[in-house]
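Asks: Pasting data-v4.txt here (compact mmCIF, C-alpha atoms):
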```
# COMPACT_ATOMS: atom_id res chain seq x y z
CA MET W 2 0.00 0.00 0.00
CA HIS W 3 1.48 3.37 -1.03
CA PHE W 4 1.38 6.64 0.88
CA ASN W 5 -1.63 8.73 -0.18
CA PRO W 6 -1.10 12.44 0.64
CA THR W 7 -4.78 13.28 0.11
CA GLN W 8 -5.99 10.76 2.70
CA PHE W 9 -3.28 11.90 5.08
CA ALA W 10 -4.35 15.55 4.72
CA THR W 11 -8.12 14.99 5.03
CA PRO W 12 -8.35 15.73 8.80
CA ASP W 13 -6.48 19.01 8.15
CA PHE W 14 -8.88 19.83 5.32
CA ILE W 15 -11.83 19.44 7.71
CA LEU W 16 -10.23 21.58 10.41
CA LEU W 17 -9.37 24.28 7.88
CA VAL W 18 -12.93 24.30 6.49
CA ILE W 19 -14.25 24.82 10.05
CA ALA W 20 -11.68 27.57 10.67
CA GLU W 21 -12.61 29.31 7.40
CA MET W 22 -16.34 29.09 8.19
CA LEU W 23 -15.72 30.83 11.51
CA PHE W 24 -13.46 33.41 9.83
CA VAL W 25 -16.08 34.17 7.16
CA ARG W 26 -18.87 34.38 9.73
CA PHE W 27 -17.04 36.86 11.92
CA SER W 28 -15.03 38.84 9.34
CA GLY W 29 -17.62 38.95 6.57
CA ARG W 30 -14.89 38.19 4.03
CA GLY W 31 -16.05 35.39 1.73
CA ALA W 32 -19.29 33.41 1.75
CA TYR W 33 -20.72 30.02 2.66
CA GLU W 34 -24.13 28.60 1.74
CA PRO W 35 -25.22 25.38 3.47
CA ARG W 36 -26.75 23.62 0.43
CA ASP W 37 -23.77 24.56 -1.71
CA THR W 38 -21.38 23.35 0.99
CA ALA W 39 -23.33 20.09 1.36
CA THR W 40 -23.02 19.48 -2.38
CA SER W 41 -19.28 20.21 -2.34
CA LEU W 42 -18.63 17.90 0.62
CA LEU W 43 -20.76 15.11 -0.83
CA MET W 44 -18.92 15.46 -4.14
CA GLY W 45 -15.65 15.10 -2.25
CA PHE W 46 -16.97 12.02 -0.46
CA GLY W 47 -18.28 10.52 -3.71
CA SER W 48 -15.05 11.20 -5.57
CA VAL W 49 -13.18 8.94 -3.13
CA ILE W 50 -15.66 6.14 -3.84
CA PHE W 51 -15.57 6.64 -7.61
CA GLY W 52 -11.78 6.96 -7.51
CA THR W 53 -11.46 3.67 -5.63
CA ALA W 54 -13.97 1.91 -7.87
CA PHE W 55 -12.41 3.04 -11.14
CA GLY W 56 -8.76 3.47 -10.12
CA PHE W 57 -8.01 0.27 -12.00
CA ILE W 58 -8.33 2.21 -15.29
CA PHE W 59 -5.19 4.23 -14.50
CA VAL W 60 -3.38 1.10 -13.28
CA TRP W 61 -4.37 -0.76 -16.46
CA PHE W 62 -3.25 2.16 -18.65
CA ALA W 63 0.03 2.52 -16.75
CA HIS W 64 0.84 -1.16 -17.21
CA LEU W 65 -0.04 -0.86 -20.89
CA VAL W 66 2.43 2.00 -21.41
CA ALA W 67 5.17 1.00 -18.92
CA PRO W 68 6.88 -1.64 -21.15
CA TYR W 69 7.82 1.16 -23.58
CA LYS W 70 9.51 3.38 -21.00
CA LEU W 71 12.81 4.98 -21.98
CA PHE W 72 14.58 4.94 -18.61
CA ASN W 73 14.40 3.19 -15.26
CA ILE W 74 14.35 6.06 -12.77
CA ALA W 75 14.99 4.97 -9.20
CA TRP W 76 13.44 6.53 -6.08
CA SER W 77 15.52 9.48 -4.84
CA LEU W 78 14.80 13.00 -3.63
CA PRO W 79 16.00 14.72 -6.85
CA ALA W 80 13.88 12.28 -8.89
CA VAL W 81 10.80 13.09 -6.79
CA VAL W 82 11.42 16.84 -7.24
CA VAL W 83 11.83 16.52 -11.01
CA CYS W 84 8.77 14.26 -11.17
CA PHE W 85 6.78 16.81 -9.16
CA VAL W 86 7.68 19.67 -11.52
CA LEU W 87 6.99 17.62 -14.65
CA ASP W 88 3.74 16.35 -13.17
CA ASP W 89 2.69 19.94 -12.56
CA LEU W 90 3.39 20.66 -16.24
CA ARG W 91 1.29 17.60 -17.04
CA TYR W 92 -1.45 19.01 -14.79
CA TYR W 93 -1.32 22.37 -16.59
CA TRP W 94 -1.96 20.80 -20.03
CA TRP W 95 -4.58 18.39 -18.74
CA HIS W 96 -6.34 21.30 -17.02
CA ARG W 97 -6.14 23.47 -20.14
CA ALA W 98 -7.65 20.64 -22.17
CA ALA W 99 -10.31 20.21 -19.49
CA HIS W 100 -11.49 23.75 -20.23
CA ARG W 101 -11.10 23.68 -24.01
CA VAL W 102 -12.34 20.20 -24.97
CA ARG W 103 -15.95 19.44 -24.10
CA TRP W 104 -15.33 15.75 -23.38
CA PHE W 105 -12.79 16.64 -20.68
CA TRP W 106 -14.89 19.60 -19.50
CA ALA W 107 -17.83 17.24 -18.94
CA GLU W 108 -15.84 15.74 -16.07
CA HIS W 109 -14.15 18.91 -14.78
CA VAL W 110 -17.23 21.18 -14.83
CA ALA W 111 -18.40 19.65 -11.55
CA HIS W 112 -15.49 21.32 -9.76
CA HIS W 113 -16.46 24.73 -11.17
CA SER W 114 -20.19 24.44 -10.57
CA SER W 115 -20.33 26.25 -7.22
CA GLN W 116 -21.24 29.95 -7.20
CA HIS W 117 -19.16 30.23 -4.03
CA TYR W 118 -15.43 30.16 -3.56
CA ASN W 119 -14.26 28.71 -0.29
CA LEU W 120 -12.32 25.74 1.00
CA SER W 121 -15.33 23.46 0.60
CA THR W 122 -15.23 24.24 -3.14
CA ALA W 123 -11.79 22.61 -3.25
CA LEU W 124 -13.43 19.37 -2.13
CA ARG W 125 -16.06 19.54 -4.91
CA GLN W 126 -14.26 16.91 -6.95
CA PRO W 127 -15.60 15.24 -10.12
CA TRP W 128 -16.97 11.71 -10.22
CA GLY W 129 -16.78 11.13 -13.96
CA GLY W 130 -13.05 10.46 -14.35
CA PHE W 131 -13.83 7.01 -15.73
CA LEU W 132 -15.82 8.60 -18.56
CA ALA W 133 -13.06 10.96 -19.76
CA PRO W 134 -9.54 9.88 -20.71
CA GLY W 135 -7.61 12.35 -18.58
CA PHE W 136 -5.21 9.55 -17.67
CA LEU W 137 -3.71 9.82 -21.18
CA PHE W 138 -1.79 12.89 -19.99
CA MET W 139 0.13 10.61 -17.61
CA ALA W 140 1.75 8.78 -20.53
CA PRO W 141 4.87 11.02 -20.87
CA LEU W 142 5.81 10.58 -17.20
CA ILE W 143 5.37 6.81 -17.43
CA LEU W 144 7.34 6.69 -20.68
CA LEU W 145 10.17 8.68 -19.10
CA GLY W 146 10.44 5.88 -16.55
CA PHE W 147 9.25 7.44 -13.31
CA PRO W 148 7.93 4.74 -10.94
CA LEU W 149 4.11 4.59 -10.84
CA GLY W 150 4.15 5.04 -7.06
CA MET W 151 6.18 8.25 -7.47
CA ILE W 152 3.75 9.58 -10.10
CA ALA W 153 0.82 8.85 -7.77
CA LEU W 154 2.64 10.48 -4.84
CA VAL W 155 3.46 13.75 -6.61
CA GLY W 156 -0.06 13.88 -8.08
CA GLY W 157 -1.44 13.61 -4.54
CA ILE W 158 0.86 16.35 -3.24
CA ASN W 159 -0.24 18.56 -6.15
CA LEU W 160 -3.89 18.03 -5.20
CA VAL W 161 -3.19 18.77 -1.53
CA TYR W 162 -1.39 22.02 -2.46
CA GLN W 163 -4.43 23.18 -4.41
CA PHE W 164 -6.74 22.91 -1.39
CA TRP W 165 -5.66 26.13 0.36
CA ILE W 166 -5.88 28.33 -2.74
CA HIS W 167 -9.70 27.98 -2.82
CA THR W 168 -10.37 30.88 -0.48
CA GLU W 169 -11.36 34.54 -0.40
CA ALA W 170 -9.90 34.88 3.09
CA ILE W 171 -6.40 35.53 1.69
CA GLN W 172 -6.04 38.54 -0.59
CA LYS W 173 -2.45 38.44 -1.82
CA MET W 174 0.69 36.55 -0.88
CA PRO W 175 4.16 38.18 -0.98
CA ARG W 176 5.10 39.40 -4.46
CA TRP W 177 7.80 36.76 -5.06
CA PHE W 178 5.32 34.03 -4.13
CA GLU W 179 2.61 35.44 -6.42
CA ALA W 180 5.19 35.48 -9.24
CA VAL W 181 6.06 31.81 -9.05
CA MET W 182 3.32 29.91 -7.23
CA ASN W 183 -0.39 29.45 -7.75
CA THR W 184 -2.20 31.47 -5.09
CA PRO W 185 -5.76 32.22 -3.93
CA SER W 186 -5.70 35.41 -6.05
CA HIS W 187 -4.63 33.59 -9.24
CA HIS W 188 -7.07 30.75 -8.68
CA ARG W 189 -10.01 33.07 -7.96
CA VAL W 190 -9.48 34.33 -11.51
CA HIS W 191 -9.55 30.75 -12.76
CA HIS W 192 -12.92 30.08 -11.07
CA ALA W 193 -14.48 33.34 -12.26
CA THR W 194 -17.05 33.67 -15.04
CA ASN W 195 -16.36 37.35 -15.77
CA ALA W 196 -15.55 37.57 -19.49
CA ARG W 197 -12.10 39.03 -18.84
CA TYR W 198 -11.20 36.09 -16.58
CA LEU W 199 -12.46 33.18 -18.71
CA ASP W 200 -10.00 30.42 -19.66
CA ALA W 201 -7.11 31.69 -17.55
CA ASN W 202 -4.71 30.49 -14.86
CA TYR W 203 -4.77 26.72 -15.40
CA ALA W 204 -1.80 26.12 -13.09
CA GLY W 205 -1.81 23.55 -10.32
CA VAL W 206 1.19 24.54 -8.19
CA PHE W 207 3.45 26.77 -10.35
CA ILE W 208 1.75 29.76 -11.98
CA VAL W 209 4.84 30.11 -14.19
CA TRP W 210 3.24 27.67 -16.67
CA ASP W 211 0.49 30.20 -17.35
CA ARG W 212 3.03 32.96 -17.74
CA ILE W 213 5.05 30.84 -20.19
CA PHE W 214 2.11 29.58 -22.24
CA GLY W 215 0.19 32.87 -22.36
CA SER W 216 -2.83 32.03 -20.23
CA PHE W 217 -2.02 34.18 -17.20
CA VAL W 218 -4.53 36.85 -16.16
CA PRO W 219 -3.99 38.80 -12.91
CA GLU W 220 -6.87 39.52 -10.55
CA ASP W 221 -8.11 43.06 -11.13
CA LYS W 222 -8.97 44.90 -7.92
CA THR W 223 -11.72 46.78 -9.74
CA GLU W 224 -13.48 43.65 -11.00
CA ARG W 225 -14.49 41.19 -8.32
CA PRO W 226 -14.66 37.61 -9.61
CA ARG W 227 -18.12 36.07 -10.04
CA TYR W 228 -17.82 32.36 -9.45
CA GLY W 229 -19.48 29.38 -11.09
CA ILE W 230 -20.04 28.50 -14.72
CA VAL W 231 -21.43 30.51 -17.61
CA LYS W 232 -24.80 28.74 -17.26
CA ASN W 233 -25.06 28.14 -13.53
CA LEU W 234 -26.78 24.94 -12.50
CA GLY W 235 -30.33 24.97 -11.20
CA THR W 236 -29.70 22.14 -8.78
CA PHE W 237 -27.67 21.09 -5.74
CA ASN W 238 -28.11 17.39 -6.54
CA PRO W 239 -24.54 15.93 -6.57
CA VAL W 240 -25.41 13.24 -9.14
CA LYS W 241 -26.72 15.85 -11.58
CA VAL W 242 -23.78 18.13 -10.83
CA ALA W 243 -21.34 15.29 -11.56
CA PHE W 244 -22.85 14.03 -14.80
CA HIS W 245 -24.97 16.80 -16.36
CA GLU W 246 -22.50 17.69 -19.10
CA PHE W 247 -22.11 14.03 -20.10
CA VAL W 248 -25.93 13.94 -20.41
CA GLY W 249 -25.71 17.10 -22.51
CA ILE W 250 -23.14 15.52 -24.83
CA GLY W 251 -25.32 12.40 -25.12
CA LYS W 252 -28.36 14.47 -26.10
CA ASP W 253 -26.37 16.44 -28.67
CA LEU W 254 -24.87 13.29 -30.17
CA ALA W 255 -28.33 11.74 -30.45
CA LYS W 256 -29.50 14.57 -32.69
CA SER W 257 -26.24 15.14 -34.60
CA GLN W 258 -26.50 14.81 -38.37
CA SER W 259 -22.95 14.50 -39.63
CA PRO W 260 -19.51 13.27 -38.53
CA ARG W 261 -18.48 16.95 -38.25
CA GLU W 262 -21.21 17.53 -35.69
CA VAL W 263 -20.26 14.40 -33.74
CA ILE W 264 -16.62 15.49 -33.59
CA GLY W 265 -17.60 19.06 -32.71
CA TYR W 266 -19.90 18.05 -29.88
CA ILE W 267 -17.17 15.88 -28.33
CA PHE W 268 -13.90 17.69 -29.04
CA ALA W 269 -14.76 21.35 -29.68
CA PRO W 270 -14.76 23.82 -26.79
CA PRO W 271 -17.73 23.74 -24.40
CA GLY W 272 -20.67 25.67 -25.89
CA TRP W 273 -19.82 24.82 -29.49
CA SER W 274 -22.78 24.15 -31.77
CA PRO W 275 -22.96 23.58 -35.54
CA ASP W 276 -24.97 26.76 -36.17
CA GLY W 277 -23.09 28.88 -33.63
CA SER W 278 -26.28 29.55 -31.68
CA ARG W 279 -24.67 28.68 -28.33
CA GLU W 280 -21.93 30.58 -26.59
CA THR W 281 -18.34 29.49 -26.11
CA SER W 282 -15.89 31.29 -23.85
CA ASP W 283 -14.30 32.75 -27.00
CA SER W 284 -17.61 34.20 -28.25
CA ILE W 285 -18.39 35.59 -24.77
CA LYS W 286 -14.99 37.27 -24.61
CA ALA W 287 -15.40 38.65 -28.16
CA ARG W 288 -18.83 40.07 -27.31
CA TRP W 289 -17.45 41.60 -24.12
CA GLN W 290 -14.53 43.18 -26.02
CA GLN W 291 -16.98 44.54 -28.60
CA PHE W 292 -19.23 45.99 -25.89
CA ARG W 293 -16.24 47.48 -24.08
CA SER W 294 -14.90 49.09 -27.26
CA ALA W 295 -18.36 50.48 -28.08
CA SER W 296 -18.73 51.86 -24.52
CA ARG W 297 -15.29 53.49 -24.76
CA HIS W 298 -16.18 54.92 -28.18
CA ILE W 299 -19.41 56.42 -26.81
CA GLY W 300 -17.47 57.77 -23.83
CA THR W 301 -14.87 59.34 -26.13
CA SER W 302 -17.58 60.86 -28.37
CA GLN W 303 -19.37 62.31 -25.37
CA CYS W 304 -16.08 63.80 -24.12
CA ALA W 305 -15.48 65.29 -27.57
CA ASP W 306 -18.98 66.79 -27.57
CA MET H 11 -15.15 -4.79 4.76
CA ALA H 12 -16.74 -3.80 8.09
CA GLY H 13 -13.87 -1.37 8.66
CA GLN H 14 -14.50 0.26 5.28
CA LEU H 15 -18.21 0.61 6.02
CA ILE H 16 -17.44 2.25 9.36
CA TYR H 17 -15.01 4.59 7.55
CA LEU H 18 -17.74 5.52 5.02
CA ALA H 19 -20.36 6.03 7.74
CA ALA H 20 -17.99 8.18 9.78
CA SER H 21 -17.18 10.26 6.68
CA LEU H 22 -20.88 10.82 5.98
CA ALA H 23 -21.45 11.77 9.61
CA GLY H 24 -18.56 14.23 9.29
CA VAL H 25 -20.17 15.77 6.20
CA GLY H 26 -23.45 16.07 8.11
CA ALA H 27 -21.72 17.74 11.06
CA LEU H 28 -19.95 20.27 8.80
CA VAL H 29 -23.20 21.11 7.00
CA GLY H 30 -24.92 21.46 10.38
CA LEU H 31 -22.24 23.89 11.51
CA CYS H 32 -22.66 25.81 8.25
CA VAL H 33 -26.44 26.13 8.81
CA LEU H 34 -25.79 27.26 12.36
CA LEU H 35 -23.35 29.95 11.25
CA PHE H 36 -24.97 31.15 8.04
CA GLY H 37 -28.65 30.13 8.18
CA ARG H 38 -30.59 28.96 5.15
CA GLY H 39 -31.41 32.30 3.58
CA ILE H 40 -32.56 32.65 0.01
CA SER H 41 -31.32 35.53 -2.15
CA PRO H 42 -33.88 38.29 -2.41
CA ILE H 43 -35.11 38.76 -5.95
CA ASP H 44 -35.72 42.41 -6.69
CA ALA H 45 -35.44 44.48 -9.83
CA GLY H 46 -32.08 45.99 -8.85
CA THR H 47 -30.42 42.66 -8.05
CA VAL H 48 -31.76 41.06 -11.21
CA GLU H 49 -30.71 43.92 -13.47
CA THR H 50 -27.21 44.03 -11.94
CA ARG H 51 -26.78 40.30 -12.35
CA LEU H 52 -27.99 40.22 -15.95
CA ARG H 53 -25.79 43.18 -16.87
CA GLU H 54 -22.87 41.16 -15.54
CA ASP H 55 -23.92 38.01 -17.39
CA THR H 56 -25.00 39.76 -20.61
CA PRO H 57 -22.96 42.86 -21.50
CA GLY H 58 -25.26 45.64 -22.67
CA PHE H 59 -28.39 44.21 -21.05
CA ARG H 60 -31.07 46.85 -20.35
CA GLY H 61 -34.01 45.61 -18.32
CA ARG H 62 -37.67 46.53 -18.59
CA ASN H 63 -40.98 44.92 -17.59
CA PHE H 64 -39.68 43.26 -14.42
CA ALA H 65 -42.07 40.85 -12.72
CA ALA H 66 -41.19 38.95 -9.55
CA SER H 67 -42.97 35.87 -8.29
CA ALA H 68 -44.98 36.48 -5.12
CA ASP H 69 -42.68 34.16 -3.11
CA GLY H 70 -39.68 36.29 -4.16
CA HIS H 71 -37.80 33.26 -5.46
CA ALA H 72 -38.09 33.89 -9.21
CA ALA H 73 -38.58 36.73 -11.67
CA LEU H 74 -39.00 37.47 -15.36
CA ILE H 75 -37.47 40.48 -17.07
CA GLU H 76 -37.22 41.68 -20.65
CA ASP H 77 -34.12 42.98 -22.41
CA ALA H 78 -35.09 46.36 -23.86
CA ARG H 79 -32.61 45.90 -26.74
CA ASP H 80 -34.28 42.93 -28.42
CA GLY H 81 -37.31 41.94 -26.32
CA ALA H 82 -35.67 38.70 -25.15
CA ILE H 83 -37.11 37.45 -21.86
CA TYR H 84 -34.87 36.24 -19.05
CA LEU H 85 -35.72 34.10 -16.06
CA VAL H 86 -33.89 34.62 -12.78
CA VAL H 87 -34.30 32.07 -10.01
CA ALA H 88 -32.87 32.07 -6.48
CA ARG H 89 -30.84 28.96 -5.68
CA GLY H 90 -29.64 29.18 -2.11
CA SER H 91 -27.77 32.44 -1.79
CA GLY H 92 -26.99 32.48 -5.53
CA LEU H 93 -28.98 33.31 -8.63
CA VAL H 94 -29.48 31.21 -11.73
CA THR H 95 -30.30 33.07 -14.94
CA ARG H 96 -31.58 31.74 -18.25
CA LYS H 97 -32.58 33.40 -21.51
CA LEU H 98 -35.95 31.92 -22.42
CA SER H 99 -35.18 31.11 -26.02
CA LYS H 100 -36.45 28.63 -28.59
CA GLY H 101 -35.10 25.17 -27.83
CA PHE H 102 -34.61 25.92 -24.14
CA LEU H 103 -38.22 26.72 -23.18
CA ARG H 104 -40.31 23.61 -23.75
CA LYS H 105 -43.66 24.60 -22.31
CA ALA H 106 -45.29 27.56 -20.59
CA HIS H 107 -48.47 26.53 -18.81
CA ARG H 108 -50.71 28.84 -16.79
CA LYS H 109 -53.05 27.71 -14.02
CA GLY H 110 -54.83 30.73 -12.60
CA GLU H 111 -52.16 33.01 -11.16
CA LEU H 112 -49.46 30.36 -11.49
CA LEU H 113 -47.18 30.12 -14.49
CA ASP H 114 -45.24 26.86 -14.86
CA LEU H 115 -42.24 26.86 -17.15
CA HIS H 116 -40.63 23.65 -18.41
CA PHE H 117 -37.11 23.63 -19.83
CA ALA H 118 -34.84 21.41 -21.88
CA ASP H 119 -32.22 21.45 -19.12
CA PHE H 120 -31.19 18.38 -17.13
CA THR H 121 -30.26 20.47 -14.07
CA PHE H 122 -33.12 22.94 -14.32
CA PRO H 123 -36.24 21.17 -15.57
CA LYS H 124 -38.92 23.60 -14.40
CA ALA H 125 -39.76 26.81 -12.57
CA ARG H 126 -42.99 28.17 -11.11
CA LEU H 127 -43.93 31.82 -10.79
CA ALA H 128 -46.91 33.05 -8.78
CA PHE H 129 -48.25 36.38 -10.04
CA ASP H 130 -50.49 38.91 -8.31
CA GLY H 131 -53.36 38.20 -10.64
CA GLU H 132 -54.47 35.98 -13.52
CA ALA H 133 -54.09 38.84 -15.99
CA ALA H 134 -50.38 39.22 -15.26
CA ALA H 135 -49.79 35.48 -15.53
CA SER H 136 -51.74 35.34 -18.78
CA ASN H 137 -49.82 38.30 -20.16
CA TRP H 138 -46.45 36.64 -19.49
CA GLU H 139 -47.70 33.33 -20.90
CA ALA H 140 -48.62 35.11 -24.13
CA ARG H 141 -45.29 36.94 -24.28
CA LEU H 142 -43.41 33.68 -23.84
CA SER H 143 -45.31 31.98 -26.66
CA HIS H 144 -42.83 33.36 -29.23
CA ALA H 145 -40.02 31.47 -27.50
CA LEU H 146 -41.76 28.12 -27.85
```
Turn the structure described in the file into structure tokens.
Replies:
Amino acid sequence: MHFNPTQFATPDFILLVIAEMLFVRFSGRGAYEPRDTATSLLMGFGSVIFGTAFGFIFVWFAHLVAPYKLFNIAWSLPAVVVCFVLDDLRYYWWHRAAHRVRWFWAEHVAHHSSQHYNLSTALRQPWGGFLAPGFLFMAPLILLGFPLGMIALVGGINLVYQFWIHTEAIQKMPRWFEAVMNTPSHHRVHHATNARYLDANYAGVFIVWDRIFGSFVPEDKTERPRYGIVKNLGTFNPVKVAFHEFVGIGKDLAKSQSPREVIGYIFAPPGWSPDGSRETSDSIKARWQQFRSASRHIGTSQCAD
Amino acid sequence: MAGQLIYLAASLAGVGALVGLCVLLFGRGISPIDAGTVETRLREDTPGFRGRNFAASADGHAALIEDARDGAIYLVVARGSGLVTRKLSKGFLRKAHRKGELLDLHFADFTFPKARLAFDGEAAASNWEARLSHAL
């Protein structure tokens, strides 16, 4: 049995959620809503069950790929550190795909479905991992020859790190920390639905990936993040929260009329439709830019008058 | 096996305790639906939105409002302390059915299948039912 950082940290998660609840209640900074919190906690509980039940998929995939590995990397501290950094890069690209490819989004959307942003939101974990092939992103690490136990360990540490950044209680960390690491401020942007914040800050631990790959957006003091998803859910039912987008894909596939539509409904960004009648994050951002330019133009004209 | 079941039961009890604490600290309030809140929210969700003809349900949990730019009708529903908004467009609105002062709306949405609005009088409910007919 290998060491599982997430299980080890769970009692701390609970204590920190209680501490944050008390902080929010008495400072007024942040928000909690009981039904929303219940959904988040039940999603966290369910994700452990689904993870246990379907963990064999990752094990099966790993054993499928492992015979082709390039090196045999032994356990050592430097190896763990390198594995951790590379796994975080793996996380960045998986996460980016999870926001840009509807099939992956169908799983990940559950995590974004809360209109609140607090430590309980961190526990709102998806259940549909067995329906989306996110494990494919593990292939490079396995092929490089990192031991499977090491890959699981660093993945767990990555997940544990991300717990504390789901809070409004912390405004900003020291400048050097904000420059390198993912922080509550950066991750608030990631969870926001404001047009200017959409599809940004995919990092797990190191925000430098966003800076390198052009997806970094800083939190703007003048625009408070609004959390949730573009079409917020009308339910707190964890089963519906976990699987609603898969149901949506199924419905769209059932009425699709060409291979192009089938491919689009599965692999195009969330919100894609053949006739363009739905909204994607790109179209929302374009409309917002257009509106902003028009507002500025009117403002300029009025000044000129 | 018994150990695992105890672990699961204890976890569920822990979830229950945390939710209980949350209720104790924050109550179970529902967002107030008023014209100002709805307009602000829709302006955030839909850049350029200009509201007119606002009508809130008597229970304060839902409201309809029209966008002055194109006549599109939006539904806003309170969900806990948050709001859920939907443009009542063709394909999304399946059925609008009035029963006296009550207007039942049915949607093609797995997470949001229906909403009920209670108006002050039958005339208001009938008026909104007629206005929604173009979205069916």
Asks: Taking 2 positions as the minimum chain separation for residues in the same chain, which residues sit within 7 Å of Ala118 in chain H when counting all atoms listed in the file? Answer as a VMD selection string.
Replies: chain H and resid 102 to 104 120 123
Asks: If we count all atoms listed in the file, what is near Thr121 in chain H at a cut-off of 7 Å, once residues fewer than 3 positions away on the same chain are taken out, given as a list in words?
Replies: Leu234, Gly235, Thr236, Lys241 and His245 of chain W
Asks: Within 9 Å of chain W, which residues belong to chain H? Use all atoms listed in the file and report them as an MDAnalysis selection string.
Replies: chainID H and resid 18 21:22 24:26 28:33 35:39 54:58 87:96 119:123
Asks: In Å, rounded to a single decimal, give me how far CA of His167 in chain W is from CA of Ile267 in chain W.
Replies: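 CA of Ile267 in chain W sits 29.2 Å away from CA of His167 in chain W.
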Asks: Pick out the closest residue to Thr7 in chain W from this set: W:Leu65, W:Ala295, W:Leu154, W:Ala255. Count only C-alpha atoms.
Replies: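 Using only C-alpha atoms, Thr7 in chain W sits closest to W:Leu154.
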Asks: Distance cut-off 8 Å, centre (-16.5, 12.9, -13.0) in file coordinates, counting all atoms listed in the file: which residues qualify? Return them as a ChimeraX atom specification.
Replies: /W:48,107-109,111,126-133,243-244
Asks: Separation of CA of Ile166 in chain W and CA of Thr184 in chain W, in Å?
Replies: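 Calculated distance between CA of Ile166 in chain W and CA of Thr184 in chain W is 5.4 Å.
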Asks: Between CA of His112 in chain W and CA of Asp211 in chain W, what is the spacing in Å?
Replies: 19.8 Å
Asks: List the spatial neighbours of range 77-81 of chain W as a ChimeraX atom specification - criterion: any atom at most 12 Å away, all atoms listed in the file, same-chain residues fewer than 2 positions off excluded.
Replies: /W:73-75,83-88,142,145-156,158
Asks: For Pro219 in chain W, which residue among W:Met182, W:His187, W:Lys173, W:Gly205 is the nearest when counting all atoms listed in the file?
Replies: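 Checking each of W:Met182, W:His187, W:Lys173, W:Gly205 against Pro219 in chain W, counting all atoms listed in the file, the winner is W:His187.
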Asks: Which residues, protein or nucleic acid, reach to within 9 Å of (-1.5, 20.9, -9.0) in the file's coordinates when using only C-alpha atoms, and can you give that as JSON, numbers by chain?
Replies: {"W": [88, 89, 90, 92, 93, 156, 157, 158, 159, 160, 161, 162, 163, 183, 204, 205, 206, 207]}
Asks: Write out as a PDB file with C-alpha atoms, in the frame of the given file the residues lying within 8 Å of Lys105 in chain H, counting all atoms listed in the file and excluding same-chain residues fewer than 3 positions away.
Replies:
```pdb
ATOM      1  CA  ASP H 114     -45.240  26.860 -14.860  1.00  0.00           C
ATOM      2  CA  LEU H 115     -42.240  26.860 -17.150  1.00  0.00           C
ATOM      3  CA  HIS H 116     -40.630  23.650 -18.410  1.00  0.00           C
ATOM      4  CA  PHE H 117     -37.110  23.630 -19.830  1.00  0.00           C
ATOM      5  CA  LEU H 146     -41.760  28.120 -27.850  1.00  0.00           C
TER       6      LEU H 146
END
```
Asks: Could you name the residues that touch Phe59 in chain H at 7 Å or less, counting only C-alpha atoms, but leaving out those on the same chain fewer than 6 positions away, as JSON, numbers by chain?
Replies: {"H": [52, 53, 77]}
Asks: Rank nothing, just name the residue among W:Asp253, W:Asp221, W:Ala201, W:Gln258 nearest to Lys286 in chain W, using only C-alpha atoms.
Replies: W:Ala201
